[in-house]
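upload_11.txt (compact mmCIF, C-alpha atoms)
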# COMPACT_ATOMS: atom_id res chain seq x y z
CA MET A 9 0.00 0.00 0.00
CA PRO A 10 1.50 3.34 -0.99
CA HIS A 11 2.06 5.83 1.77
CA TRP A 12 2.57 9.55 1.77
CA SER A 13 3.53 11.62 4.76
CA SER A 14 1.68 14.78 5.71
CA ARG A 15 4.57 17.07 4.73
CA GLY A 16 4.49 19.20 1.60
CA ASN A 17 2.78 18.40 -1.68
CA ASP A 18 3.74 14.76 -1.87
CA LEU A 19 1.23 13.92 -4.59
CA SER A 20 1.91 15.34 -8.03
CA PHE A 21 -0.92 16.76 -10.11
CA GLY A 22 -0.65 13.87 -12.56
CA ARG A 23 -0.79 11.34 -9.73
CA LYS A 24 -3.88 13.01 -8.32
CA LEU A 25 -5.63 12.89 -11.69
CA ARG A 26 -4.83 9.18 -12.03
CA ASP A 27 -6.04 8.54 -8.48
CA ILE A 28 -9.45 10.10 -9.06
CA ASN A 29 -12.14 7.45 -8.73
CA TRP A 30 -13.23 7.58 -12.35
CA GLY A 31 -15.78 4.84 -11.75
CA LEU A 32 -17.57 7.17 -9.34
CA VAL A 33 -17.31 10.02 -11.85
CA LEU A 34 -18.92 7.79 -14.50
CA LEU A 35 -21.70 6.85 -12.07
CA ILE A 36 -22.35 10.52 -11.30
CA THR A 37 -22.52 11.25 -15.04
CA LEU A 38 -24.96 8.38 -15.66
CA ILE A 39 -27.34 9.68 -12.99
CA ALA A 40 -27.05 13.21 -14.36
CA CYS A 41 -27.81 11.96 -17.89
CA THR A 42 -30.93 10.30 -16.53
CA GLY A 43 -31.92 13.73 -15.27
CA PHE A 44 -31.24 15.37 -18.66
CA ALA A 45 -33.42 12.82 -20.44
CA THR A 46 -36.24 13.22 -17.94
CA LEU A 47 -36.11 17.03 -18.15
CA TYR A 48 -36.20 16.75 -21.96
CA SER A 49 -39.35 14.67 -21.63
CA ALA A 50 -40.82 17.08 -19.06
CA ALA A 51 -40.58 19.89 -21.63
CA GLY A 52 -42.50 17.81 -24.17
CA GLY A 53 -39.45 16.76 -26.19
CA ASP A 54 -37.66 20.07 -26.06
CA ILE A 55 -34.18 20.76 -24.71
CA ASP A 56 -35.39 24.20 -23.62
CA PRO A 57 -35.99 25.45 -20.93
CA TRP A 58 -34.70 22.83 -18.50
CA ALA A 59 -32.44 20.20 -20.06
CA ASP A 60 -30.05 22.62 -21.78
CA ARG A 61 -29.50 24.70 -18.65
CA GLN A 62 -29.10 21.61 -16.50
CA MET A 63 -26.47 20.19 -18.89
CA ALA A 64 -24.56 23.47 -18.86
CA ARG A 65 -24.60 23.55 -15.06
CA PHE A 66 -23.45 19.96 -14.86
CA ALA A 67 -20.59 20.61 -17.28
CA ILE A 68 -19.41 23.56 -15.20
CA GLY A 69 -19.96 21.56 -12.01
CA LEU A 70 -17.90 18.66 -13.41
CA VAL A 71 -14.91 20.96 -13.92
CA ILE A 72 -15.35 22.39 -10.42
CA MET A 73 -15.66 18.87 -8.98
CA ILE A 74 -12.38 17.72 -10.55
CA ALA A 75 -10.61 20.92 -9.46
CA ILE A 76 -11.76 20.39 -5.88
CA ALA A 77 -10.79 16.72 -6.01
CA VAL A 78 -7.14 17.42 -6.90
CA THR A 79 -6.66 20.28 -4.39
CA ASP A 80 -4.66 19.22 -1.33
CA ILE A 81 -7.06 18.00 1.34
CA ARG A 82 -5.19 20.08 3.94
CA VAL A 83 -6.17 23.22 2.04
CA TRP A 84 -9.84 22.36 2.57
CA MET A 85 -9.14 21.63 6.21
CA ARG A 86 -7.55 25.07 6.63
CA LEU A 87 -10.50 26.73 4.88
CA SER A 88 -13.21 24.88 6.84
CA TYR A 89 -13.91 27.52 9.49
CA PHE A 90 -13.67 30.33 6.93
CA VAL A 91 -16.26 28.67 4.67
CA TYR A 92 -18.53 28.23 7.71
CA ALA A 93 -18.17 31.91 8.63
CA ILE A 94 -19.06 32.95 5.07
CA GLY A 95 -22.11 30.66 5.19
CA VAL A 96 -23.35 32.22 8.44
CA VAL A 97 -22.82 35.75 7.08
CA LEU A 98 -24.83 34.86 3.96
CA LEU A 99 -27.65 33.39 6.07
CA VAL A 100 -27.78 36.60 8.09
CA ALA A 101 -27.77 38.57 4.83
CA VAL A 102 -30.79 36.55 3.67
CA GLU A 103 -32.61 37.61 6.82
CA LEU A 104 -31.77 41.27 6.15
CA PHE A 105 -31.84 41.55 2.37
CA GLY A 106 -33.17 38.23 1.08
CA ARG A 107 -35.50 37.74 -1.85
CA ILE A 108 -38.93 36.33 -1.03
CA GLY A 109 -40.25 33.51 -3.17
CA MET A 110 -43.14 31.10 -2.61
CA GLY A 111 -43.75 32.57 0.84
CA ALA A 112 -40.19 32.10 2.09
CA GLN A 113 -37.14 34.32 2.26
CA ARG A 114 -34.31 31.99 1.18
CA TRP A 115 -32.44 33.62 -1.72
CA LEU A 116 -29.91 36.38 -2.22
CA ASP A 117 -29.98 38.37 -5.44
CA VAL A 118 -26.39 39.00 -6.53
CA GLY A 119 -27.25 40.51 -9.90
CA ILE A 120 -26.85 37.92 -12.62
CA PHE A 121 -28.15 35.02 -10.50
CA HIS A 122 -29.68 34.08 -7.17
CA ILE A 123 -27.96 31.99 -4.50
CA GLN A 124 -29.46 30.03 -1.65
CA PRO A 125 -27.06 30.25 1.33
CA SER A 126 -28.68 27.30 3.11
CA GLU A 127 -27.31 25.08 0.32
CA ILE A 128 -23.80 26.44 0.92
CA MET A 129 -24.21 25.78 4.64
CA LYS A 130 -24.80 22.08 4.00
CA ILE A 131 -21.21 21.78 2.76
CA ALA A 132 -19.81 24.26 5.29
CA LEU A 133 -21.18 22.28 8.23
CA MET A 134 -19.60 19.04 7.04
CA LEU A 135 -16.21 20.75 6.58
CA THR A 136 -16.35 22.48 9.95
CA LEU A 137 -17.51 19.53 12.05
CA ALA A 138 -14.96 17.25 10.39
CA ARG A 139 -12.18 19.69 11.25
CA TYR A 140 -13.34 20.20 14.83
CA PHE A 141 -13.64 16.50 15.66
CA HIS A 142 -10.37 15.76 13.84
CA GLY A 143 -8.60 17.78 16.52
CA LEU A 144 -10.12 15.80 19.42
CA SER A 145 -8.99 12.53 20.92
CA TYR A 146 -11.47 9.69 21.40
CA ASP A 147 -11.62 10.40 25.13
CA GLU A 148 -12.33 14.08 24.53
CA VAL A 149 -15.18 13.22 22.15
CA GLY A 150 -16.69 11.19 25.00
CA ARG A 151 -16.82 14.19 27.34
CA ILE A 152 -19.89 16.42 27.21
CA ARG A 153 -17.98 19.68 27.63
CA TRP A 154 -16.24 19.16 24.28
CA LEU A 155 -19.61 18.88 22.53
CA PHE A 156 -20.93 22.36 23.35
CA ILE A 157 -18.88 24.03 20.60
CA PRO A 158 -19.96 21.67 17.77
CA LEU A 159 -23.56 21.88 18.99
CA ALA A 160 -23.39 25.66 18.70
CA ILE A 161 -21.79 25.29 15.26
CA VAL A 162 -24.84 23.29 14.16
CA LEU A 163 -27.62 25.16 15.97
CA VAL A 164 -26.68 28.66 14.73
CA PRO A 165 -27.28 27.92 11.01
CA VAL A 166 -30.20 25.61 11.80
CA GLY A 167 -31.90 28.44 13.68
CA LEU A 168 -31.26 30.90 10.84
CA VAL A 169 -32.60 28.45 8.24
CA MET A 170 -35.74 27.77 10.28
CA LYS A 171 -36.31 31.52 10.48
CA GLN A 172 -36.56 31.76 6.66
CA PRO A 173 -38.66 29.47 7.14
CA ASP A 174 -37.23 26.25 5.65
CA LEU A 175 -37.98 23.38 8.01
CA GLY A 176 -36.97 20.69 5.52
CA THR A 177 -33.43 22.05 5.03
CA ALA A 178 -33.08 22.67 8.78
CA MET A 179 -33.94 19.04 9.51
CA LEU A 180 -31.51 17.92 6.80
CA LEU A 181 -28.73 19.99 8.41
CA LEU A 182 -29.49 18.46 11.82
CA ALA A 183 -29.60 14.88 10.54
CA SER A 184 -26.39 15.07 8.48
CA SER A 185 -24.58 16.84 11.34
CA GLY A 186 -25.78 14.15 13.70
CA ALA A 187 -24.13 11.58 11.43
CA VAL A 188 -20.77 13.35 11.81
CA PHE A 189 -21.21 13.32 15.60
CA PHE A 190 -21.89 9.58 15.41
CA PHE A 191 -18.92 8.83 13.14
CA ALA A 192 -16.70 10.90 15.45
CA GLY A 193 -17.48 8.56 18.35
CA VAL A 194 -20.14 10.39 20.37
CA ARG A 195 -21.76 7.79 22.63
CA ALA A 196 -25.10 6.29 21.63
CA TRP A 197 -26.83 7.18 24.91
CA LYS A 198 -26.38 10.87 24.13
CA PHE A 199 -28.24 10.47 20.85
CA ILE A 200 -31.01 8.59 22.64
CA ALA A 201 -31.24 11.35 25.23
CA VAL A 202 -31.49 14.02 22.52
CA ILE A 203 -34.15 12.06 20.62
CA VAL A 204 -36.24 11.53 23.77
CA ALA A 205 -35.92 15.20 24.70
CA GLY A 206 -36.84 16.21 21.16
CA GLY A 207 -39.89 13.95 21.22
CA ALA A 208 -41.02 15.47 24.50
CA CYS A 209 -40.76 18.95 22.96
CA LEU A 210 -42.84 18.12 19.88
CA PRO A 211 -46.16 19.38 21.33
CA VAL A 212 -44.51 22.71 22.12
CA ALA A 213 -42.70 22.85 18.76
CA TRP A 214 -46.02 22.31 16.96
CA ASN A 215 -47.23 25.70 18.19
CA PHE A 216 -44.20 27.41 16.62
CA LEU A 217 -44.77 25.94 13.15
CA HIS A 218 -46.17 28.15 10.43
CA ASP A 219 -49.69 27.40 9.23
CA TYR A 220 -48.48 25.98 5.90
CA GLN A 221 -46.07 23.65 7.75
CA LYS A 222 -48.86 22.36 9.97
CA LYS A 223 -50.98 21.88 6.86
CA ARG A 224 -48.27 19.78 5.22
CA VAL A 225 -48.13 17.44 8.21
CA LEU A 226 -51.94 17.13 8.37
CA THR A 227 -52.10 16.60 4.62
CA PHE A 228 -49.48 13.86 4.87
CA MET A 229 -51.63 12.07 7.44
CA ASN A 230 -54.83 12.40 5.36
CA PRO A 231 -54.31 13.78 1.83
CA GLU A 232 -57.84 12.72 0.73
CA GLU A 233 -59.35 15.31 3.08
CA ASP A 234 -58.53 18.13 0.62
CA PRO A 235 -57.89 16.43 -2.77
CA LEU A 236 -58.10 19.68 -4.79
CA GLY A 237 -56.16 21.80 -2.32
CA SER A 238 -53.32 20.88 0.03
CA GLY A 239 -53.60 17.16 -0.80
CA TYR A 240 -53.45 17.65 -4.57
CA HIS A 241 -49.67 17.30 -5.00
CA ILE A 242 -49.26 14.01 -3.18
CA LEU A 243 -52.46 12.43 -4.55
CA GLN A 244 -51.41 13.18 -8.14
CA SER A 245 -47.94 11.85 -7.40
CA LYS A 246 -49.37 8.58 -6.09
CA ILE A 247 -51.63 8.27 -9.14
CA ALA A 248 -48.68 8.79 -11.48
CA LEU A 249 -46.51 6.31 -9.59
CA GLY A 250 -49.20 3.66 -9.69
CA SER A 251 -50.14 4.25 -13.34
CA GLY A 252 -46.58 3.51 -14.44
CA GLY A 253 -46.98 -0.13 -13.51
CA PHE A 254 -44.07 -2.53 -13.92
CA THR A 255 -42.61 -1.34 -17.23
CA GLY A 256 -44.04 2.18 -17.51
CA LYS A 257 -46.03 3.99 -20.20
CA GLY A 258 -43.00 4.72 -22.33
CA TYR A 259 -40.58 7.60 -22.74
CA MET A 260 -42.46 10.92 -23.13
CA GLN A 261 -45.77 9.03 -22.85
CA GLY A 262 -46.64 9.83 -19.24
CA THR A 263 -50.20 11.17 -19.04
CA GLN A 264 -50.18 12.64 -15.53
CA SER A 265 -47.06 14.68 -16.23
CA HIS A 266 -47.66 15.71 -19.84
CA LEU A 267 -51.30 16.64 -19.20
CA SER A 268 -50.08 18.88 -16.34
CA PHE A 269 -51.75 16.95 -13.55
CA LEU A 270 -48.40 16.34 -11.87
CA PRO A 271 -47.05 19.52 -10.22
CA GLU A 272 -43.35 20.49 -10.08
CA LYS A 273 -42.52 17.65 -12.49
CA GLN A 274 -39.10 19.13 -13.28
CA THR A 275 -38.01 19.63 -9.65
CA ASP A 276 -39.35 17.95 -6.52
CA PHE A 277 -41.60 15.41 -8.28
CA ILE A 278 -39.27 14.40 -11.10
CA PHE A 279 -38.89 10.87 -9.69
CA THR A 280 -42.65 10.41 -10.06
CA MET A 281 -42.46 11.40 -13.71
CA LEU A 282 -39.58 8.99 -14.33
CA ALA A 283 -41.48 6.16 -12.61
CA GLU A 284 -44.62 6.84 -14.66
CA GLU A 285 -42.70 6.66 -17.94
CA HIS A 286 -40.32 3.82 -17.08
CA GLY A 287 -42.30 1.96 -14.43
CA LEU A 288 -41.03 0.08 -11.42
CA ILE A 289 -38.05 -1.24 -13.41
CA GLY A 290 -36.85 2.26 -14.31
CA ALA A 291 -37.34 3.50 -10.76
CA LEU A 292 -35.40 0.56 -9.31
CA VAL A 293 -32.54 1.07 -11.80
CA LEU A 294 -32.18 4.71 -10.70
CA ILE A 295 -32.38 3.71 -7.02
CA ALA A 296 -29.70 1.06 -7.64
CA LEU A 297 -27.41 3.72 -9.14
CA TYR A 298 -27.92 5.87 -6.05
CA ILE A 299 -27.23 2.94 -3.74
CA LEU A 300 -24.01 2.24 -5.61
CA MET A 301 -22.94 5.88 -5.31
CA ILE A 302 -23.73 5.92 -1.58
CA ALA A 303 -21.80 2.68 -1.13
CA TYR A 304 -18.84 4.29 -2.91
CA GLY A 305 -19.06 7.21 -0.48
CA TYR A 306 -19.03 5.12 2.69
CA ALA A 307 -16.23 2.95 1.31
CA ILE A 308 -14.18 6.10 0.71
CA SER A 309 -14.87 7.20 4.28
CA LEU A 310 -13.72 3.88 5.73
CA ARG A 311 -10.62 3.84 3.51
CA SER A 312 -9.30 7.27 4.59
CA ARG A 313 -6.30 7.27 6.94
CA SER A 314 -7.16 10.68 8.42
CA GLN A 315 -10.02 11.34 10.81
CA TYR A 316 -10.81 14.52 8.87
CA GLY A 317 -11.23 12.56 5.65
CA ARG A 318 -13.32 9.86 7.31
CA LEU A 319 -15.70 12.34 8.90
CA LEU A 320 -15.98 14.57 5.85
CA ALA A 321 -16.71 11.68 3.48
CA GLY A 322 -19.09 10.05 5.96
CA GLY A 323 -21.03 13.27 6.52
CA LEU A 324 -21.29 14.12 2.82
CA THR A 325 -22.40 10.59 1.95
CA THR A 326 -25.05 10.64 4.67
CA MET A 327 -26.32 13.95 3.30
CA LEU A 328 -26.55 12.40 -0.17
CA PHE A 329 -28.47 9.44 1.27
CA LEU A 330 -30.88 11.79 3.07
CA TYR A 331 -31.50 13.76 -0.14
CA VAL A 332 -32.36 10.59 -2.07
CA PHE A 333 -34.40 8.94 0.69
CA ILE A 334 -36.44 12.02 1.60
CA ASN A 335 -37.26 12.91 -2.00
CA ILE A 336 -38.39 9.41 -2.95
CA ALA A 337 -40.25 8.94 0.34
CA MET A 338 -41.89 12.36 -0.11
CA VAL A 339 -43.28 11.70 -3.61
CA SER A 340 -44.42 8.24 -2.45
CA GLY A 341 -46.42 9.69 0.45
CA MET A 342 -44.19 8.18 3.15
CA VAL A 343 -43.10 11.56 4.59
CA PRO A 344 -44.59 15.09 4.35
CA VAL A 345 -43.73 17.23 1.32
CA VAL A 346 -40.66 19.28 2.31
CA GLY A 347 -39.19 20.42 -1.01
CA VAL A 348 -36.00 18.31 -1.15
CA PRO A 349 -34.65 17.85 -4.72
CA LEU A 350 -33.52 14.54 -6.18
CA PRO A 351 -29.69 14.76 -6.51
CA LEU A 352 -28.37 15.28 -10.07
CA VAL A 353 -31.83 14.72 -11.53
CA SER A 354 -34.08 17.55 -10.28
CA TYR A 355 -33.76 20.87 -12.09
CA GLY A 356 -32.01 23.55 -10.05
CA GLY A 357 -28.92 25.75 -10.08
CA THR A 358 -27.67 26.23 -6.52
CA ALA A 359 -28.59 22.66 -5.54
CA MET A 360 -26.67 21.23 -8.52
CA MET A 361 -23.55 23.29 -7.83
CA THR A 362 -23.64 22.52 -4.11
CA LEU A 363 -23.92 18.82 -4.85
CA MET A 364 -21.00 18.91 -7.31
CA VAL A 365 -18.86 20.68 -4.71
CA GLY A 366 -19.78 18.01 -2.17
CA LEU A 367 -18.96 15.21 -4.60
CA GLY A 368 -15.67 16.94 -5.39
CA LEU A 369 -14.78 16.89 -1.70
CA LEU A 370 -15.80 13.23 -1.50
CA ILE A 371 -13.48 12.34 -4.39
CA ASN A 372 -10.82 14.55 -2.79
CA VAL A 373 -10.89 12.30 0.28
CA TYR A 374 -10.37 9.28 -1.99
CA VAL A 375 -7.45 10.89 -3.84
CA HIS A 376 -5.80 11.78 -0.51
CA ARG A 377 -6.87 8.59 1.27
CA ASP A 378 -3.33 7.72 2.37
CA VAL A 379 -2.34 11.21 3.49
CA GLU A 380 -1.97 11.31 7.25
CA ILE A 381 -3.01 14.59 8.89
CA PRO A 382 -1.83 15.29 12.46
CA ARG A 383 -4.49 16.19 14.98
CA HIS A 384 -2.96 19.64 15.38
CA MET A 385 -1.41 21.09 12.24
CA SER A 386 0.69 24.21 12.24
CA GLY A 387 -0.87 27.12 10.40
CA LEU A 388 -4.40 26.01 11.17
Just give me the structure of the file as structure tokens.
Amino acid sequence: MPHWSSRGNDLSFGRKLRDINWGLVLLITLIACTGFATLYSAAGGDIDPWADRQMARFAIGLVIMIAIAVTDIRVWMRLSYFVYAIGVVLLVAVELFGRIGMGAQRWLDVGIFHIQPSEIMKIALMLTLARYFHGLSYDEVGRIRWLFIPLAIVLVPVGLVMKQPDLGTAMLLLASSGAVFFFAGVRAWKFIAVIVAGGACLPVAWNFLHDYQKKRVLTFMNPEEDPLGSGYHILQSKIALGSGGFTGKGYMQGTQSHLSFLPEKQTDFIFTMLAEEHGLIGALVLIALYILMIAYGYAISLRSRSQYGRLLAGGLTTMLFLYVFINIAMVSGMVPVVGVPLPLVSYGGTAMMTLMVGLGLLINVYVHRDVEIPRHMSGL
């Protein structure tokens, strides 16, 4: 097994390019191409307005992903806290100057495009928690007093995101951060205590939810109560899923989507459209591709010599899993509708770029899997 010390730039640029997990890159591209084809169908056989823009974003994202992958992992470790600080500043800026859309204040208008800082914070939290826990010994992780700082690191952006309001993203931040705590060695009884305390607070938390959030939960429990109102989205999604059958209605032949019964067919409910056209077989093939990508991610985490690499890869992979699980469960009626996109398939700019950055960091951990990083590095 080759070994590189943690001094200097021991890996040449050419070596890093060769060490990129090109199988994972191919898998990412296959899933993205599935998205392009589905967006083409969603537009009625037209590359405009969704497929062409999504392909351009993916092409740019692919370059960014490779650039991130070959950058020394210690550079990302040094930048972790800085990226987090920028993310918090942007979340505060959203509160002060944010653009309101669909009843929520989540975007910043920077002239030529809009950015959603909560997406940036998903990556920033993984970087920051990985760096913090990298500097702790196993015994220190087991002591409660060392957990106050990472808890604050998580709760500050979660609180700002909930204020927007964006409960779905806030829960995603909490869950993926919790995974990093778990991978770092935080004892199981502490998670149980937090879950029990959280469950006890649910009646109180219910009173703080916005009316539309309460309606989503109630609709999830009984969508038939308001089939033409709040229950419309999920009922149409279920109809489309069921009508696809085993083999589907055929490419660009989906009736629910092409007759405009299915809402948000290019974003949140794109999996439903794919399942209607390609049936259970098509849906299972896409799920299998996701499972393979998630397996790649956890294998990369386990293979890393450094704690920073293990935690970063583990946290990013868990976030990817949560994206996929929540979206598919949402359109299937298993969880309330929370507006989580399907990775690499749903149409969207900030979400696509954020995901490509995260995948770049994941591949970066693989490229630098044998680089040992001391717990306390000079210059950090």
Which residues of stretch 36-121 of chain A come within 12 Å of stretch 287-292 of chain A, and what is each one's closest atom pair and distance in Å (one decimal), counting only C-alpha atoms, sorted by chain and residue number, as a tab-separated table?
residue	atom	partner	partner_atom	distance
A:Ile39	CA	A:Ala291	CA	12.0
A:Thr42	CA	A:Gly290	CA	10.2
A:Thr46	CA	A:Gly290	CA	11.6
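In this comparison, which uses all atoms listed in the file, the residue of A:Lys246, A:Met327, A:Val194, A:Val365 approaching A:Gly150 most closely is A:Val194.
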- Which residue, A:Val102, A:Leu319, A:Leu330, A:Leu243, has the smallest gap to A:His142 when you use all atoms listed in the file?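 For A:His142, the nearest of the candidates is A:Leu319.
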- Sphere at (-13.2, 17.2, -8.5), radius 9 Å, counting only C-alpha atoms: residues as number ranges by chain: A: 28, 33, 69-79, 364-365, 367-372
- So which residues touch A:Ile334 within 10 Å, counting all atoms listed in the file, skipping near sequence neighbours fewer than 6 positions away, as JSON, numbers by chain? {"A": [176, 180, 340, 342, 343, 344, 345, 346, 347, 348, 349, 350]}
- Task: Pick out the closest residue to A:Phe277 from this set: A:Cys41, A:Ile68, A:Val339, A:Ile55. Count all atoms listed in the file.
- Result: A:Val339
- Message: Which residues are near A:Tyr48? Cut-off 10 Å, all atoms listed in the file, ignore same chain within fewer than 6 positions. Put them as a PyMOL selection string.
- Response: chain A and resi 42+54-60+260+274
- Find the spatial neighbours of A:Ala93, counting all atoms listed in the file, within a cut-off of 12 Å - ignore same-chain residues fewer than 4 positions away - and output them as a list in words. Leu87, Ser88, Tyr89, Val97, Leu98, Leu99, Val100, Pro125, Ile128, Met129, Ala132, Leu133, Leu135, Thr136, Ile161, Val164 and Pro165 of chain A
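Between A:Lys273 and the residues A:Leu137, A:Val166, A:Ala337, A:Ala248, the shortest atom-to-atom distance, using all atoms listed in the file, involves A:Ala248.
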- Item | Atomic distance atom CA of A:Glu284 - atom CA of A:Thr362, expressed in Å with one decimal |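 Taking atom CA of A:Glu284 as the start and atom CA of A:Thr362 as the end point, the length is 28.2 Å.
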